[in-house]
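Student: So I've got this file, start-v3.cif, and it contains mmCIF, C-alpha atoms and all ligand atoms:
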data_query
loop_
_atom_site.label_atom_id
_atom_site.label_comp_id
_atom_site.auth_asym_id
_atom_site.auth_seq_id
_atom_site.Cartn_x
_atom_site.Cartn_y
_atom_site.Cartn_z
CA MET C 1 5.96 6.77 11.40
CA VAL C 2 2.32 6.71 12.53
CA ARG C 3 0.51 3.48 13.25
CA PHE C 4 -2.99 3.47 11.78
CA PHE C 5 -5.94 1.66 13.38
CA THR C 6 -9.26 0.89 11.73
CA PRO C 7 -12.26 1.57 13.99
CA GLU C 8 -12.55 -2.20 14.48
CA GLU C 9 -8.89 -2.51 15.51
CA LEU C 10 -9.35 0.40 17.91
CA LEU C 11 -12.36 -1.30 19.50
CA ALA C 12 -10.09 -4.15 20.60
CA PHE C 13 -8.65 -1.69 23.13
CA ASP C 14 -11.94 -0.94 24.89
CA GLY C 15 -10.72 -1.98 28.31
CA SER C 16 -12.57 -5.30 28.40
CA ASP C 17 -9.24 -7.16 28.39
CA ALA C 18 -7.32 -6.29 31.54
CA ASP C 19 -4.05 -7.34 29.87
CA LYS C 20 -4.42 -4.87 27.01
CA PRO C 21 -3.99 -1.10 27.13
CA VAL C 22 -7.06 1.14 26.86
CA TYR C 23 -7.20 3.56 23.95
CA ILE C 24 -9.52 6.37 23.00
CA ALA C 25 -9.45 8.56 19.91
CA VAL C 26 -10.10 12.29 19.72
CA LYS C 27 -10.05 13.99 16.33
CA GLY C 28 -8.52 10.87 14.83
CA VAL C 29 -5.60 10.82 17.25
CA ILE C 30 -5.39 7.73 19.44
CA TYR C 31 -4.33 8.12 23.07
CA ASP C 32 -3.28 5.44 25.51
CA VAL C 33 -5.47 6.19 28.54
CA SER C 34 -4.47 3.06 30.47
CA GLN C 35 -3.30 5.20 33.38
CA SER C 36 -6.96 6.20 33.87
CA ARG C 37 -8.50 2.73 33.78
CA GLU C 38 -10.76 3.81 36.63
CA PHE C 39 -12.40 6.26 34.16
CA TYR C 40 -12.33 4.29 30.92
CA GLY C 41 -12.03 0.63 31.96
CA LYS C 42 -14.92 -1.77 32.50
CA GLY C 43 -17.44 -0.31 34.97
CA GLY C 44 -15.81 3.11 34.80
CA PRO C 45 -17.96 6.24 34.28
CA TYR C 46 -16.48 6.82 30.80
CA GLU C 47 -16.17 3.23 29.56
CA ALA C 48 -18.41 4.21 26.61
CA PHE C 49 -15.47 6.17 25.17
CA ALA C 50 -12.96 3.32 25.37
CA GLY C 51 -11.85 1.87 22.06
CA ARG C 52 -13.75 4.54 20.14
CA GLU C 53 -13.40 7.82 18.30
CA CYS C 54 -15.29 10.05 20.72
CA SER C 55 -14.94 13.53 19.21
CA ARG C 56 -18.67 14.03 18.82
CA ALA C 57 -19.53 12.74 22.31
CA LEU C 58 -16.91 15.02 23.86
CA ALA C 59 -18.10 18.01 21.83
CA ILE C 60 -21.76 17.61 22.80
CA MET C 61 -20.84 16.38 26.32
CA LYS C 62 -22.70 13.09 26.21
CA VAL C 63 -21.35 9.90 27.71
CA ASP C 64 -22.96 7.63 25.14
CA ALA C 65 -21.30 5.05 22.87
CA ALA C 66 -23.90 5.86 20.21
CA GLU C 67 -22.52 9.41 20.02
CA CYS C 68 -18.93 8.20 19.70
CA ASN C 69 -18.03 9.10 16.14
CA ASP C 70 -16.35 11.87 14.18
CA ASN C 71 -19.49 13.57 12.90
CA LEU C 72 -19.22 17.23 13.86
CA ALA C 73 -21.38 18.50 11.01
CA ASP C 74 -24.14 19.88 13.23
CA CYS C 75 -21.94 21.00 16.12
CA THR C 76 -22.06 24.61 17.25
CA GLU C 77 -18.94 26.77 17.60
CA LYS C 78 -19.25 26.39 21.37
CA GLN C 79 -19.29 22.59 21.08
CA LEU C 80 -16.28 22.67 18.77
CA LYS C 81 -14.48 24.80 21.36
CA THR C 82 -15.41 22.23 24.05
CA LEU C 83 -13.90 19.51 21.86
CA GLU C 84 -10.79 21.62 21.37
CA ASP C 85 -10.39 21.89 25.15
CA TRP C 86 -10.70 18.11 25.54
CA CYS C 87 -8.23 17.65 22.75
CA ASN C 88 -5.69 19.87 24.48
CA LYS C 89 -6.25 18.03 27.76
CA PHE C 90 -5.60 14.64 26.16
CA ASN C 91 -2.56 15.94 24.35
CA SER C 92 -0.99 17.10 27.58
CA LYS C 93 -1.97 14.04 29.64
CA TYR C 94 -1.74 10.88 27.56
CA PRO C 95 0.78 9.29 25.21
CA ILE C 96 -0.23 9.15 21.55
CA VAL C 97 -0.12 5.67 20.03
CA GLY C 98 -1.50 6.18 16.55
CA GLN C 99 -4.17 7.54 14.31
CA VAL C 100 -7.57 6.33 13.17
CA GLN C 101 -7.45 5.23 9.57
CA LYS C 102 -9.22 7.87 7.52
CA GLN C 103 -12.17 6.84 5.42
CA LEU C 104 -11.49 7.01 1.71
CA CYS C 105 -14.68 8.91 1.09
CA CYS C 106 -15.66 11.54 3.57
CA THR C 107 -18.04 14.39 2.97
CA ARG C 108 -18.22 15.43 6.60
CA ARG C 109 -16.76 18.55 8.12
CA PRO C 110 -13.01 17.90 8.38
CA LEU C 111 -11.84 17.22 11.92
CA GLY C 112 -8.92 19.61 11.65
CA ALA C 113 -5.98 19.50 13.97
CA CYS C 114 -5.73 20.30 17.63
CA THR C 115 -4.25 23.68 18.49
CA SER C 116 -1.76 22.06 20.83
CA VAL C 117 1.11 20.27 19.19
CA THR C 118 0.39 16.67 18.32
CA ALA C 119 3.57 14.74 17.76
CA LEU C 120 2.43 11.93 15.51
CA ASP C 121 5.85 11.16 14.09
CA ASP C 122 8.00 8.39 15.52
CA VAL C 123 5.04 6.66 17.14
CA VAL C 124 5.13 3.10 15.84
CA GLU C 125 6.78 1.63 12.76
CA VAL C 126 4.48 0.21 10.10
CA PRO C 127 5.52 -1.23 6.71
CA PRO C 128 5.76 1.63 4.18
CA VAL C 129 3.46 -0.02 1.61
CA GLU C 130 0.77 -0.57 4.20
CA SER C 131 0.95 2.98 5.43
CA LEU C 132 0.89 4.28 1.86
CA LEU C 133 -2.23 2.31 1.06
CA ARG C 134 -3.89 3.50 4.22
CA THR C 135 -3.45 7.20 3.51
CA THR C 136 -6.04 9.25 1.67
CA PHE C 137 -3.69 9.47 -1.34
CA PHE C 138 -5.73 6.89 -3.20
CA THR C 139 -8.91 8.93 -3.35
CA PRO C 140 -11.86 7.51 -5.26
CA SER C 141 -11.39 10.06 -8.08
CA LEU C 142 -7.70 9.17 -8.42
CA LEU C 143 -8.55 5.46 -8.52
CA ALA C 144 -11.28 6.13 -11.10
CA GLY C 145 -8.78 8.12 -13.21
CA MET C 146 -6.23 5.30 -13.02
CA ALA C 147 -8.89 2.75 -13.99
CA LEU C 148 -9.87 4.90 -16.99
CA VAL C 149 -6.25 5.14 -18.19
CA VAL C 150 -5.85 1.34 -17.91
CA LEU C 151 -9.16 0.83 -19.76
CA LEU C 152 -8.24 3.22 -22.59
CA THR C 153 -4.79 1.61 -22.96
CA ALA C 154 -6.39 -1.85 -23.17
CA LEU C 155 -8.92 -0.58 -25.71
CA GLY C 156 -6.17 0.99 -27.81
CA ALA C 157 -4.17 -2.23 -27.75
CA TYR C 158 -7.24 -4.22 -28.79
CA VAL C 159 -8.04 -1.88 -31.70
CA LEU C 160 -4.41 -2.13 -32.88
CA TRP C 161 -4.50 -5.92 -32.61
CA TRP C 162 -7.85 -6.10 -34.43
CA ASP C 163 -6.54 -3.85 -37.20
CA LEU C 164 -3.46 -6.01 -37.67
CA GLN C 165 -5.58 -9.17 -37.80
CA HIS C 166 -8.00 -7.79 -40.41
CA ARG C 167 -5.53 -6.15 -42.76
CA GLU C 168 -5.39 -7.34 -46.40
CA PRO C 169 -2.37 -9.66 -46.63
CA GLY C 170 -1.04 -7.88 -49.76
CA ALA C 171 -1.65 -4.34 -48.50
CA ALA C 172 1.66 -3.99 -46.77
CA ALA C 173 3.53 -5.39 -49.79
CA GLU C 174 1.71 -3.04 -52.21
CA ASP C 175 2.58 -0.08 -50.02
CA HIS C 176 6.18 -1.17 -50.29
CA THR C 177 6.27 -1.59 -54.07
CA GLU C 178 4.74 1.84 -54.64
CA LEU C 179 7.82 3.37 -53.05
C1 LIG P 201 -22.59 15.45 36.62
C2 LIG P 201 -21.72 15.52 35.63
C3 LIG P 201 -20.27 15.21 35.72
C4 LIG P 201 -19.44 15.21 36.79
C5 LIG P 201 -19.76 15.51 38.23
C6 LIG P 201 -18.13 14.83 36.31
C7 LIG P 201 -17.02 14.70 37.08
C8 LIG P 201 -15.79 14.33 36.66
C9 LIG P 201 -14.61 14.18 37.48
C10 LIG P 201 -14.54 14.46 38.98
C11 LIG P 201 -13.61 13.77 36.70
C12 LIG P 201 -12.18 13.46 37.13
C13 LIG P 201 -11.32 14.67 36.78
C14 LIG P 201 -9.86 14.43 37.02
O1 LIG P 201 -9.51 13.84 38.05
O2 LIG P 201 -9.05 14.84 36.19
C15 LIG P 201 -14.13 13.64 35.38
C16 LIG P 201 -13.41 13.23 34.30
C17 LIG P 201 -13.91 13.17 33.03
N1 LIG P 201 -15.14 13.57 32.60
FE1 LIG P 201 -16.69 14.07 33.79
N2 LIG P 201 -18.18 14.63 34.98
C18 LIG P 201 -19.48 14.86 34.57
C19 LIG P 201 -19.99 14.77 33.30
C20 LIG P 201 -19.26 14.48 32.22
C21 LIG P 201 -19.76 14.44 30.86
C22 LIG P 201 -21.21 14.74 30.44
C23 LIG P 201 -18.74 14.10 30.04
C24 LIG P 201 -18.86 13.93 28.56
C25 LIG P 201 -17.98 14.32 27.71
C26 LIG P 201 -17.57 13.92 30.88
C27 LIG P 201 -16.33 13.56 30.44
C28 LIG P 201 -15.24 13.32 31.26
C29 LIG P 201 -14.00 12.75 30.80
C30 LIG P 201 -13.67 12.33 29.37
C31 LIG P 201 -13.16 12.65 31.90
C32 LIG P 201 -11.80 12.03 31.97
C33 LIG P 201 -10.72 13.03 31.57
C34 LIG P 201 -9.35 12.39 31.69
O3 LIG P 201 -9.09 11.37 31.06
O4 LIG P 201 -8.53 12.98 32.39
N3 LIG P 201 -17.93 14.16 32.18
N4 LIG P 201 -15.46 13.98 35.38
#
Kindly present the structure from the file in structure tokens form.
Tutor:
Amino acid sequence: MVRFFTPEELLAFDGSDADKPVYIAVKGVIYDVSQSREFYGKGGPYEAFAGRECSRALAIMKVDAAECNDNLADCTEKQLKTLEDWCNKFNSKYPIVGQVQKQLCCTRRPLGACTSVTALDDVVEVPPVESLLRTTFFTPSLLAGMALVVLLTALGAYVLWWDLQHREPGAAAEDHTEL
């Protein structure tokens, strides 16, 4: 099962702590790049990427923490191809340790998957409930639908209760005698 990291959790692996591994994320997939601390660790040429989702920075070829995000909306086909090449490189070089937790609401261009095989199964165990809650299953529209059903049920129950409370005491008996 895949271990999910929020962007904040991922940032804890930015290489500033020498006792912790260094992670970077490309297209939502988190790689352990500790073997290349000289690149990504403190003082390294690519330290800006450490602990971050750096798809955009890799696509547009900018070593800049401000460009480290998953926004590919304005990227050209050529830049997307560049990202794909990076993605394939990371897949073949570094172990995968997890996945960046997807945002519940995302209108951006989907990141898509790498062409090379990304084995995300059997990475790290996480409790099933936690992993379920962290998937995109609970989309805002689904949650809104569920809230509406609960609201309508409550309203129905209230109307029923109110009706029972305000009924004429003899009404039920009259109904009975008519039969
Ligand atoms: C003057 C420009 C640049 C030069 C001379 C240069 C040079 C290098 C060299 C020699 C390596 C080591 C390659 C290896 O041993 O596998 C490297 C790695 C790398 N470069 Fe650059 N680079 C430049 C610009 C950039 C830019 C603009 C980016 C932005 C995306 C970038 C991203 C990377 C990354 C991510 C790695 C590490 C790949 C890995 O983990 O194996 N480089 N670069």
Student: From the options C:Lys78, C:His166, C:Arg37, C:Lys42, which residue's atoms come nearest to ligand LIG 201 (chain P), counting all atoms listed in the file?
Tutor: C:Arg37
Student: Could you check which of C:Gly44, C:Pro21, C:Gly28, C:Gly156 is closest to ligand LIG 201 (chain P), using only C-alpha atoms and all ligand atoms?
Tutor: C:Gly44
Student: To check your reading of the model: which residues sit at most 8 Å from ligand LIG 201 (chain P) when counting only C-alpha atoms and all ligand atoms? Write the answer as a PDB file with C-alpha atoms, keeping the file's coordinate frame.
Tutor:
ATOM      1  CA  VAL C  33      -5.470   6.190  28.540  1.00  0.00           C
ATOM      2  CA  SER C  36      -6.960   6.200  33.870  1.00  0.00           C
ATOM      3  CA  PHE C  39     -12.400   6.260  34.160  1.00  0.00           C
ATOM      4  CA  TYR C  40     -12.330   4.290  30.920  1.00  0.00           C
ATOM      5  CA  PRO C  45     -17.960   6.240  34.280  1.00  0.00           C
ATOM      6  CA  TYR C  46     -16.480   6.820  30.800  1.00  0.00           C
ATOM      7  CA  PHE C  49     -15.470   6.170  25.170  1.00  0.00           C
ATOM      8  CA  ALA C  57     -19.530  12.740  22.310  1.00  0.00           C
ATOM      9  CA  LEU C  58     -16.910  15.020  23.860  1.00  0.00           C
ATOM     10  CA  ALA C  59     -18.100  18.010  21.830  1.00  0.00           C
ATOM     11  CA  ILE C  60     -21.760  17.610  22.800  1.00  0.00           C
ATOM     12  CA  MET C  61     -20.840  16.380  26.320  1.00  0.00           C
ATOM     13  CA  LYS C  62     -22.700  13.090  26.210  1.00  0.00           C
ATOM     14  CA  VAL C  63     -21.350   9.900  27.710  1.00  0.00           C
ATOM     15  CA  TRP C  86     -10.700  18.110  25.540  1.00  0.00           C
ATOM     16  CA  LYS C  89      -6.250  18.030  27.760  1.00  0.00           C
ATOM     17  CA  PHE C  90      -5.600  14.640  26.160  1.00  0.00           C
ATOM     18  CA  LYS C  93      -1.970  14.040  29.640  1.00  0.00           C
TER      19      LYS C  93
END
Student: For Phe4 in chain C, which of C:Asn69, C:Gln165, C:Gln101, C:Asn88 is the closest residue, counting all atoms listed in the file?
Tutor: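 The shortest atom-to-atom distance to Phe4 in chain C comes from C:Gln101.
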Student: Between C:Ala18, C:Ala48, C:Ile96, C:Ala73, which has the minimum distance to Tyr31 in chain C (counting only C-alpha atoms)?
Tutor: C:Ile96
Student: CA of Leu83 in chain C to CA of Val100 in chain C: how many Å, to one decimal?
Tutor: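 Separating CA of Leu83 in chain C from CA of Val100 in chain C is a distance of 17.0 Å.
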Student: Kindly give the distance, in Å, that separates CA of Ala144 in chain C and CA of Val2 in chain C, rounded to a single decimal.
Tutor: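 Atom-to-atom, CA of Ala144 in chain C to CA of Val2 in chain C, that is 27.3 Å.
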Student: Quick one, how far is CA of Tyr94 in chain C from CA of Thr82 in chain C?
Tutor: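 Straight-line distance from CA of Tyr94 in chain C to CA of Thr82 in chain C works out to 18.1 Å.
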Student: Around (-6.8, 2.6, 19.0) in the file's frame, which residues reach within 7 Å when counting all atoms listed in the file? Return as a list in words?
Tutor: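 Protein and nucleic acid residues near the point are Phe5, Glu9, Leu10, Leu11, Phe13, Tyr23, Ile24, Ala25, Ile30, Gly51, Gly98 and Val100 of chain C.
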Student: Which residue, C:Val26, C:Ala147, C:Val97, C:Leu155, has the smallest gap to Glu84 in chain C when you use all atoms listed in the file?
Tutor: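 That would be C:Val26, the residue with the smallest distance to Glu84 in chain C.
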Student: Ranking C:Glu67, C:Glu53, C:Glu47, C:Asp74 by minimum distance to Lys27 in chain C and counting all atoms listed in the file, which one comes first?
Tutor: C:Glu53
